[in-house]
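As provided, input.cif (mmCIF, C-alpha atoms) reads as follows.
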```cif
data_entry
#
loop_
_atom_site.label_atom_id
_atom_site.label_comp_id
_atom_site.auth_asym_id
_atom_site.auth_seq_id
_atom_site.Cartn_x
_atom_site.Cartn_y
_atom_site.Cartn_z
CA MET A 1474 -81.55 -39.55 -16.74
CA ALA A 1475 -84.38 -38.02 -18.68
CA SER A 1476 -85.61 -40.34 -21.33
CA THR A 1477 -86.40 -38.99 -24.78
CA GLU A 1478 -89.44 -41.18 -25.27
CA ILE A 1479 -92.59 -39.06 -25.31
CA TYR A 1480 -95.20 -40.90 -23.31
CA ARG A 1481 -97.87 -38.24 -22.87
CA TYR A 1482 -98.41 -34.50 -22.76
CA LEU A 1483 -99.20 -32.07 -19.98
CA PHE A 1484 -101.75 -29.55 -21.25
CA LEU A 1485 -101.67 -26.11 -19.70
CA ASN A 1486 -103.01 -22.77 -21.00
CA ASP A 1487 -103.08 -23.85 -24.65
CA ASN A 1488 -99.56 -25.23 -24.44
CA GLN A 1489 -98.49 -28.84 -24.36
CA TYR A 1490 -95.41 -30.20 -22.64
CA ALA A 1491 -93.93 -33.59 -23.50
CA LEU A 1492 -93.47 -35.96 -20.58
CA ASP A 1493 -91.57 -39.23 -20.39
CA PRO A 1494 -93.15 -42.43 -18.99
CA GLU A 1495 -92.29 -41.32 -15.46
CA SER A 1496 -93.71 -37.84 -16.04
CA TYR A 1497 -90.36 -36.04 -16.18
CA LEU A 1498 -90.23 -33.16 -18.64
CA ILE A 1499 -88.48 -34.27 -21.81
CA ASP A 1500 -87.26 -30.75 -22.57
CA MET A 1501 -85.89 -29.06 -19.46
CA THR A 1502 -86.40 -25.64 -21.02
CA ASP A 1503 -90.17 -26.26 -20.94
CA TRP A 1504 -90.06 -25.75 -17.20
CA SER A 1505 -91.74 -22.76 -15.56
CA PRO A 1506 -93.30 -22.24 -12.13
CA GLU A 1507 -96.72 -22.76 -13.76
CA VAL A 1508 -95.60 -26.12 -15.17
CA ALA A 1509 -94.31 -27.07 -11.72
CA ASP A 1510 -97.69 -26.18 -10.21
CA ALA A 1511 -99.51 -28.29 -12.79
CA LEU A 1512 -97.19 -31.28 -12.30
CA ALA A 1513 -97.61 -30.95 -8.54
CA ARG A 1514 -101.43 -30.91 -8.82
CA GLU A 1515 -101.26 -34.19 -10.77
CA GLU A 1516 -99.36 -35.53 -7.77
CA GLY A 1517 -101.96 -34.14 -5.37
CA ILE A 1518 -99.50 -31.57 -3.99
CA GLU A 1519 -100.30 -27.88 -3.58
CA LEU A 1520 -96.96 -26.06 -3.82
CA THR A 1521 -96.29 -23.81 -0.82
CA GLU A 1522 -93.38 -21.57 0.07
CA GLU A 1523 -91.74 -24.57 1.78
CA HIS A 1524 -91.95 -26.62 -1.41
CA TRP A 1525 -90.57 -23.81 -3.49
CA GLU A 1526 -87.48 -23.30 -1.40
CA VAL A 1527 -86.63 -26.98 -1.88
CA LEU A 1528 -87.29 -26.82 -5.62
CA ASN A 1529 -84.95 -23.84 -5.80
CA VAL A 1530 -82.25 -25.74 -3.94
CA LEU A 1531 -82.65 -28.53 -6.49
CA ARG A 1532 -82.41 -26.20 -9.46
CA ASP A 1533 -79.27 -24.64 -7.97
CA PHE A 1534 -77.82 -28.12 -7.39
CA TYR A 1535 -78.42 -29.04 -11.01
CA ALA A 1536 -76.97 -25.77 -12.31
CA ARG A 1537 -73.81 -26.44 -10.35
CA TYR A 1538 -73.34 -30.21 -10.66
CA GLU A 1539 -75.26 -31.08 -13.86
CA MET A 1540 -77.07 -33.93 -12.12
CA ALA A 1541 -80.14 -34.31 -9.96
CA PRO A 1542 -79.20 -35.54 -6.47
CA ALA A 1543 -80.16 -38.81 -4.82
CA MET A 1544 -81.84 -38.58 -1.41
CA ARG A 1545 -78.76 -38.21 0.81
CA PRO A 1546 -77.11 -35.41 -1.12
CA LEU A 1547 -80.51 -33.72 -1.47
CA VAL A 1548 -80.92 -33.75 2.30
CA LYS A 1549 -77.41 -32.36 2.64
CA ALA A 1550 -77.95 -29.63 0.04
CA VAL A 1551 -81.24 -28.58 1.64
CA GLY A 1552 -79.56 -28.50 5.06
CA LYS A 1553 -76.76 -26.31 3.74
CA ALA A 1554 -79.10 -23.89 2.01
CA LEU A 1555 -82.08 -23.76 4.37
CA GLY A 1556 -80.64 -24.78 7.72
CA PRO A 1557 -80.41 -28.06 9.66
CA GLU A 1558 -84.09 -28.05 10.65
CA LYS A 1559 -85.07 -28.48 7.01
CA GLY A 1560 -82.13 -30.65 6.01
CA ARG A 1561 -83.88 -33.76 7.26
CA SER A 1562 -85.45 -36.54 5.28
CA ILE A 1563 -88.62 -36.36 7.39
CA HIS A 1564 -89.19 -32.77 6.24
CA LEU A 1565 -88.71 -33.75 2.60
CA MET A 1566 -90.92 -36.82 2.99
CA ARG A 1567 -93.69 -34.60 4.30
CA LEU A 1568 -93.39 -32.15 1.39
CA PHE A 1569 -92.83 -34.70 -1.38
CA PRO A 1570 -94.34 -37.99 -0.19
CA GLY A 1571 -93.13 -41.26 -1.62
CA SER A 1572 -89.71 -40.72 -3.07
CA PRO A 1573 -88.73 -37.09 -2.35
CA ALA A 1574 -85.60 -37.09 -4.53
CA LYS A 1575 -87.56 -38.28 -7.55
CA VAL A 1576 -90.76 -36.32 -6.98
CA ALA A 1577 -88.97 -33.05 -6.23
CA ALA A 1578 -86.62 -33.44 -9.21
CA ARG A 1579 -89.64 -33.99 -11.42
CA LEU A 1580 -91.41 -30.88 -10.15
CA ALA A 1581 -88.20 -28.85 -10.43
CA GLY A 1582 -87.99 -29.79 -14.11
CA LEU A 1583 -84.81 -31.82 -13.69
CA PRO A 1584 -83.99 -35.23 -15.14
CA LYS A 1585 -84.51 -38.27 -12.95
CA PRO A 1586 -81.83 -38.54 -10.26
CA THR A 1587 -79.03 -40.70 -11.64
CA HIS A 1588 -77.92 -42.47 -8.52
CA CYS A 1589 -81.06 -43.72 -6.91
CA LEU A 1590 -82.48 -46.99 -8.09
CA MET B 871 -53.04 -60.97 1.35
CA LEU B 872 -54.63 -59.50 -1.76
CA LEU B 873 -54.63 -61.20 -5.14
CA HIS B 874 -53.87 -58.84 -8.01
CA VAL B 875 -54.76 -59.93 -11.52
CA VAL B 876 -53.14 -58.39 -14.62
CA ASN B 877 -54.39 -59.17 -18.12
CA ARG B 878 -52.16 -56.88 -20.19
CA SER B 879 -48.64 -57.53 -21.46
CA PRO B 880 -45.86 -55.35 -20.06
CA ALA B 881 -44.67 -55.14 -23.68
CA ASN B 882 -47.40 -52.69 -24.56
CA SER B 883 -49.16 -51.56 -21.41
CA ARG B 884 -47.97 -49.91 -18.23
CA VAL B 885 -50.86 -51.30 -16.23
CA TYR B 886 -48.32 -53.63 -14.59
CA GLU B 887 -46.74 -50.56 -12.94
CA GLN B 888 -50.06 -49.63 -11.35
CA ALA B 889 -50.51 -53.15 -10.05
CA LEU B 890 -46.98 -53.24 -8.64
CA SER B 891 -47.32 -49.90 -6.92
CA ALA B 892 -50.54 -51.06 -5.27
CA MET B 893 -49.09 -54.36 -4.00
CA GLY B 894 -48.37 -54.90 -0.32
CA PRO B 895 -45.50 -57.11 0.88
CA ASP B 896 -47.72 -60.23 1.16
CA ASP B 897 -49.79 -59.69 -1.96
CA VAL B 898 -49.48 -61.98 -4.97
CA LEU B 899 -49.96 -61.29 -8.65
CA LEU B 900 -51.50 -63.55 -11.26
CA LEU B 901 -50.96 -63.02 -14.98
CA ILE B 902 -53.89 -63.97 -17.21
CA GLU B 903 -54.90 -63.49 -20.86
CA ASP B 904 -52.34 -61.29 -22.69
CA GLY B 905 -50.78 -60.64 -19.32
CA VAL B 906 -49.07 -64.07 -19.44
CA GLN B 907 -46.50 -62.62 -21.83
CA GLY B 908 -45.00 -61.09 -18.72
CA ALA B 909 -43.94 -64.60 -17.67
CA LEU B 910 -41.43 -64.85 -20.55
CA PRO B 911 -37.79 -64.63 -19.45
CA GLN B 912 -37.33 -61.50 -21.54
CA LEU B 913 -40.23 -59.67 -19.88
CA VAL B 914 -40.28 -61.09 -16.38
CA ARG B 915 -37.75 -58.46 -15.27
CA TYR B 916 -40.63 -56.00 -14.99
CA TYR B 917 -41.84 -58.10 -12.08
CA ALA B 918 -38.41 -58.45 -10.43
CA LYS B 919 -39.53 -56.77 -7.23
CA ILE B 920 -42.19 -59.40 -6.54
CA GLU B 921 -40.10 -62.48 -7.35
CA GLY B 922 -41.65 -65.56 -5.76
CA ARG B 923 -45.10 -63.98 -5.70
CA LEU B 924 -45.75 -64.08 -9.43
CA PHE B 925 -48.18 -66.57 -10.96
CA ALA B 926 -49.32 -67.19 -14.53
CA LEU B 927 -52.44 -69.00 -15.69
CA ARG B 928 -51.67 -72.29 -17.38
CA GLU B 929 -54.65 -72.27 -19.73
CA ASP B 930 -53.74 -68.86 -21.12
CA LEU B 931 -50.08 -69.83 -21.53
CA GLU B 932 -51.10 -73.03 -23.32
CA ALA B 933 -53.46 -71.25 -25.68
CA ARG B 934 -50.63 -68.94 -26.70
CA GLY B 935 -47.99 -71.67 -27.08
CA LEU B 936 -46.02 -70.14 -24.21
CA LEU B 937 -46.35 -72.88 -21.60
CA GLY B 938 -42.82 -74.26 -21.98
CA ARG B 939 -41.27 -70.82 -22.28
CA CYS B 940 -41.92 -69.29 -18.86
CA ALA B 941 -39.17 -67.97 -16.64
CA GLU B 942 -38.38 -70.37 -13.81
CA SER B 943 -39.32 -67.83 -11.16
CA VAL B 944 -42.94 -67.81 -12.35
CA GLN B 945 -45.35 -70.24 -10.74
CA VAL B 946 -47.80 -71.71 -13.20
CA VAL B 947 -51.32 -72.38 -11.88
CA ASP B 948 -54.38 -73.77 -13.64
CA VAL B 949 -57.92 -72.47 -13.24
CA ASP B 950 -58.38 -74.53 -10.07
CA GLY B 951 -55.24 -72.89 -8.70
CA PHE B 952 -56.68 -69.50 -9.63
CA VAL B 953 -59.79 -70.34 -7.64
CA THR B 954 -57.67 -71.42 -4.67
CA LEU B 955 -55.69 -68.18 -4.80
CA THR B 956 -58.95 -66.24 -4.92
CA GLU B 957 -60.20 -68.11 -1.86
CA GLU B 958 -57.00 -67.53 0.08
CA ALA B 959 -56.94 -63.83 -0.73
CA GLU B 960 -58.93 -61.34 1.33
CA ARG B 961 -60.02 -59.91 -1.98
CA THR B 962 -59.08 -59.73 -5.62
CA VAL B 963 -58.13 -56.57 -7.48
CA SER B 964 -58.15 -56.55 -11.28
CA TRP B 965 -55.84 -54.42 -13.37
CA TYR B 966 -56.78 -54.22 -17.03
CA MET C 1060 -56.35 -37.16 6.89
CA HIS C 1061 -55.74 -40.79 7.67
CA GLU C 1062 -59.21 -42.11 7.12
CA HIS C 1063 -57.78 -44.68 4.73
CA ASP C 1064 -56.12 -46.38 7.70
CA ASP C 1065 -59.56 -47.24 9.03
CA PRO C 1066 -60.07 -50.91 8.13
CA HIS C 1067 -63.83 -50.58 8.17
CA ARG C 1068 -64.40 -48.50 5.09
CA ASP C 1069 -66.64 -50.09 2.49
CA LEU C 1070 -65.44 -49.29 -0.99
CA LEU C 1071 -62.33 -48.02 -2.74
CA VAL C 1072 -62.81 -46.98 -6.36
CA ILE C 1073 -59.56 -46.72 -8.32
CA LEU C 1074 -59.84 -44.31 -11.25
CA ARG C 1075 -57.15 -44.79 -13.91
CA HIS C 1076 -58.65 -43.15 -16.97
CA ALA C 1077 -58.71 -39.55 -18.15
CA PRO C 1078 -61.89 -37.57 -18.79
CA HIS C 1079 -63.34 -37.41 -22.33
CA GLY C 1080 -61.18 -40.22 -23.81
CA SER C 1081 -63.43 -43.07 -22.71
CA SER C 1082 -66.38 -43.68 -20.42
CA TRP C 1083 -64.30 -45.48 -17.76
CA LEU C 1084 -63.91 -42.46 -15.53
CA LYS C 1085 -67.62 -41.68 -15.66
CA GLU C 1086 -68.51 -45.27 -14.90
CA GLY C 1087 -66.13 -45.38 -11.97
CA LEU C 1088 -67.62 -42.21 -10.55
CA ASP C 1089 -71.13 -43.60 -11.05
CA ALA C 1090 -70.22 -46.70 -9.07
CA ALA C 1091 -68.83 -44.53 -6.28
CA LEU C 1092 -71.92 -42.28 -6.22
CA VAL C 1093 -74.39 -45.16 -6.20
CA ALA C 1094 -72.57 -46.79 -3.29
CA ALA C 1095 -72.42 -43.49 -1.41
CA ALA C 1096 -76.11 -42.81 -2.08
CA PHE C 1097 -76.81 -46.09 -0.29
CA GLY C 1098 -74.79 -45.07 2.73
CA GLN C 1099 -71.55 -46.91 2.00
CA SER C 1100 -68.28 -45.22 3.00
CA VAL C 1101 -66.46 -44.63 -0.25
CA SER C 1102 -62.92 -43.52 -1.03
CA LEU C 1103 -61.41 -42.69 -4.40
CA LEU C 1104 -57.86 -43.30 -5.57
CA PHE C 1105 -56.67 -41.51 -8.70
CA MET C 1106 -53.80 -43.25 -10.52
CA GLY C 1107 -52.12 -42.95 -13.90
CA GLU C 1108 -54.15 -41.03 -16.45
CA GLY C 1109 -56.95 -40.80 -13.91
CA VAL C 1110 -55.06 -38.02 -12.14
CA THR C 1111 -55.85 -35.65 -15.00
CA ALA C 1112 -59.52 -35.84 -13.98
CA LEU C 1113 -58.50 -33.41 -11.24
CA MET C 1114 -57.17 -30.67 -13.52
CA PRO C 1115 -58.79 -27.30 -12.83
CA GLY C 1116 -60.49 -25.43 -15.66
CA GLN C 1117 -61.96 -28.42 -17.53
CA GLY C 1118 -64.81 -27.88 -19.96
CA PRO C 1119 -67.10 -29.81 -22.27
CA GLY C 1120 -65.68 -31.66 -25.28
CA PRO C 1121 -65.62 -30.16 -28.78
CA LEU C 1122 -69.09 -31.60 -29.44
CA GLU C 1123 -70.36 -30.25 -26.11
CA GLN C 1124 -70.03 -33.65 -24.42
CA LYS C 1125 -70.31 -33.28 -20.68
CA GLY C 1126 -67.08 -33.77 -18.81
CA THR C 1127 -66.67 -35.09 -15.30
CA ALA C 1128 -65.53 -31.95 -13.46
CA ALA C 1129 -69.05 -31.11 -12.23
CA THR C 1130 -69.43 -34.66 -10.95
CA LEU C 1131 -66.14 -34.42 -9.09
CA ALA C 1132 -67.25 -31.16 -7.51
CA MET C 1133 -70.42 -32.97 -6.40
CA LEU C 1134 -68.56 -35.72 -4.48
CA GLU C 1135 -68.66 -33.80 -1.22
CA MET C 1136 -72.46 -33.71 -1.39
CA TYR C 1137 -72.33 -37.52 -1.39
CA ASP C 1138 -69.91 -37.44 1.56
CA ILE C 1139 -67.11 -38.84 -0.56
CA GLU C 1140 -64.27 -36.99 1.08
CA THR C 1141 -61.35 -39.40 1.10
CA LEU C 1142 -59.68 -38.55 -2.17
CA LEU C 1143 -56.27 -40.15 -2.65
CA VAL C 1144 -53.83 -39.46 -5.46
CA ASP C 1145 -50.88 -41.60 -6.40
CA ALA C 1146 -47.95 -39.31 -5.56
CA GLU C 1147 -45.72 -40.93 -8.17
CA THR C 1148 -48.13 -40.21 -11.00
CA LEU C 1149 -48.50 -36.69 -9.73
CA SER C 1150 -44.79 -36.00 -9.99
CA ALA C 1151 -44.54 -37.89 -13.29
CA LEU C 1152 -47.08 -35.41 -14.69
CA GLY C 1153 -45.27 -32.45 -13.15
CA LEU C 1154 -48.25 -31.58 -10.96
CA SER C 1155 -48.57 -30.81 -7.29
CA ALA C 1156 -51.61 -31.62 -5.18
CA ASP C 1157 -52.39 -27.99 -4.40
CA GLU C 1158 -53.02 -27.08 -8.03
CA LEU C 1159 -55.73 -29.73 -8.42
CA MET C 1160 -59.42 -28.89 -8.30
CA LEU C 1161 -60.24 -30.78 -5.09
CA ASP C 1162 -58.66 -31.23 -1.72
CA VAL C 1163 -56.77 -34.45 -2.34
CA THR C 1164 -54.21 -36.42 -0.35
CA PRO C 1165 -51.10 -37.55 -2.21
CA VAL C 1166 -50.22 -41.13 -1.30
CA PRO C 1167 -46.68 -42.45 -1.61
CA ALA C 1168 -46.30 -45.82 -3.33
CA ALA C 1169 -45.71 -47.60 -0.04
CA ALA C 1170 -49.07 -46.48 1.34
CA ILE C 1171 -51.20 -47.45 -1.64
CA SER C 1172 -51.33 -51.11 -0.65
CA GLU C 1173 -52.48 -50.04 2.81
CA ALA C 1174 -55.30 -48.07 1.23
CA LEU C 1175 -56.36 -51.18 -0.69
CA SER C 1176 -56.29 -53.32 2.45
CA ALA C 1177 -58.33 -50.77 4.37
CA HIS C 1178 -61.44 -51.28 2.23
CA ARG C 1179 -63.80 -54.23 2.10
CA LEU C 1180 -64.15 -53.92 -1.65
CA VAL C 1181 -61.84 -52.50 -4.32
CA LEU C 1182 -63.05 -51.69 -7.82
CA THR C 1183 -60.69 -50.61 -10.60
CA PHE C 1184 -61.89 -48.47 -13.45
#
```

Show me, as structure tokens, the structure contained in the file I just sent.
Amino acid sequence: MASTEIYRYLFLNDNQYALDPESYLIDMTDWSPEVADALAREEGIELTEEHWEVLNVLRDFYARYEMAPAMRPLVKAVGKALGPEKGRSIHLMRLFPGSPAKVAARLAGLPKPTHCL
Amino acid sequence: MLLHVVNRSPANSRVYEQALSAMGPDDVLLLIEDGVQGALPQLVRYYAKIEGRLFALREDLEARGLLGRCAESVQVVDVDGFVTLTEEAERTVSWY
Amino acid sequence: MHEHDDPHRDLLVILRHAPHGSSWLKEGLDAALVAAAFGQSVSLLFMGEGVTALMPGQGPGPLEQKGTAATLAMLEMYDIETLLVDAETLSALGLSADELMLDVTPVPAAAISEALSAHRLVLTF
């Protein structure tokens, strides 16, 4: 879940966006593709078309289920939306190294996935 | 054999019905806390279909002054007996 | 439809509380989702009030509190597909399985104990 504790701000084009201690947006409505790009750069990721299609799957998932998915359901959702070649954890690990479910949720402007520890 | 544990009185909760409907033919049921009221002769009828497989916890009966008032069909066990039942059971399911 | 006969399933979560009235239902679903996220095979059994979690057309509470319907819809994404409903409760509430929001299997009283035995762990919420 997103925490409400403001830990720091992301500064972008004269705007500032409140982030929690794990760098999730505190206010989901702050999200925009530009914010996603900036958050990704902090992570050392340059967002490509392949990243964006996953972020869109995540935003659709949240719109439908009101939660950010853990890794397994993320893999499943990506597979359903983008085909079995992309619905594999290795693909997501390559795009969002470390913890794909958490990193991708963060860049998609979602709260932290509820069911991964 | 599964051990089912009920901690609510049949006098004001229908949780006992859920426990009974989930019980297999070899399962046993232990009444604890407020559940021990179900061991009284006036209330034990709710457990008629599992006669012989109904236990009540001694310590909880004692605390409530009900120890001498249990129906004869109820087997009274102390905490050690509870532990033994738990060990004998494949697993324990709590109904509260 | 007889996955609950398989003695090797990991976890059965019994849901006995209605949405909105308490947090029990939500907590039970959380337990199921966490287990499923870690690759455990999870089944759900709806009993008593818990059956009303499956009513179609649920919404947020009067103060916009989130309900559980979206979480229930999400279960398939976590591969939680064995959804059992106590048939007795169903008829006591005047409901039939086909009007519920998910594809659920009604279980007669005699088969509920088998469902319990078929799982390594049973949690009641």

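Evaluated on this file, the PyMOL selection byres ((chain A and resi 1561) around 12) matches Val1527, Met1544, Arg1545, Pro1546, Leu1547, Val1548, Lys1549, Ala1550, Val1551, Gly1552, Lys1553, Leu1555, Gly1556, Pro1557, Glu1558, Lys1559, Gly1560, Ser1562, Ile1563, His1564, Leu1565, Met1566, Arg1567, Leu1568 and Pro1573 of chain A.
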
- Could you state which residues are captured by the PyMOL selection byres ((chain C) within 12 of (chain B)) in this file, as a ChimeraX atom specification? /C:1070-1076,1083,1104-1109,1145-1148,1166-1184

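Near stretch 899-913 of chain B, within 7 Å and counting all atoms listed in the file, sit Leu873, His874, Val875, Val876, Asn877, Arg878, Ser879, Pro880, Asp897, Arg915, Tyr916, Arg923, Leu924, Phe925, Ala926, Leu927, Asp930, Leu931, Arg939, Cys940, Ala941 and Val944 of chain B; same-chain residues fewer than 2 positions away were not included.
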
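Atom CA of C:Glu1123 sits 27.8 Å away from atom CA of A:Val1508.
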
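Among C:Ser1150, C:Thr1127, C:Thr1164, C:Gln1117, the residue with the shortest atom-to-atom distance to chain A, counting only C-alpha atoms, is C:Thr1127.
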
Please enclose the listed atoms of stretch 1508-1512 of chain A in an axis-aligned box, pad each side by 3 Å, and write out the centre and the three edge lengths in Å, rounded to one decimal, as JSON.
```
{"center_x": -96.9, "center_y": -28.7, "center_z": -12.7, "size_x": 11.2, "size_y": 11.2, "size_z": 11.0}
```

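All of the residues in chain C within 6 Å of chain A are Val1093, Ala1129, Thr1130, Met1133, Met1136 and Tyr1137 of chain C, where all atoms listed in the file were counted.
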
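Counting from atom CA of C:Pro1078, the distance to atom CA of C:Ala1112 is 5.6 Å.
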
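Interatomic distance, atom CA of C:Leu1103 against atom CA of C:Lys1085: 12.9 Å.
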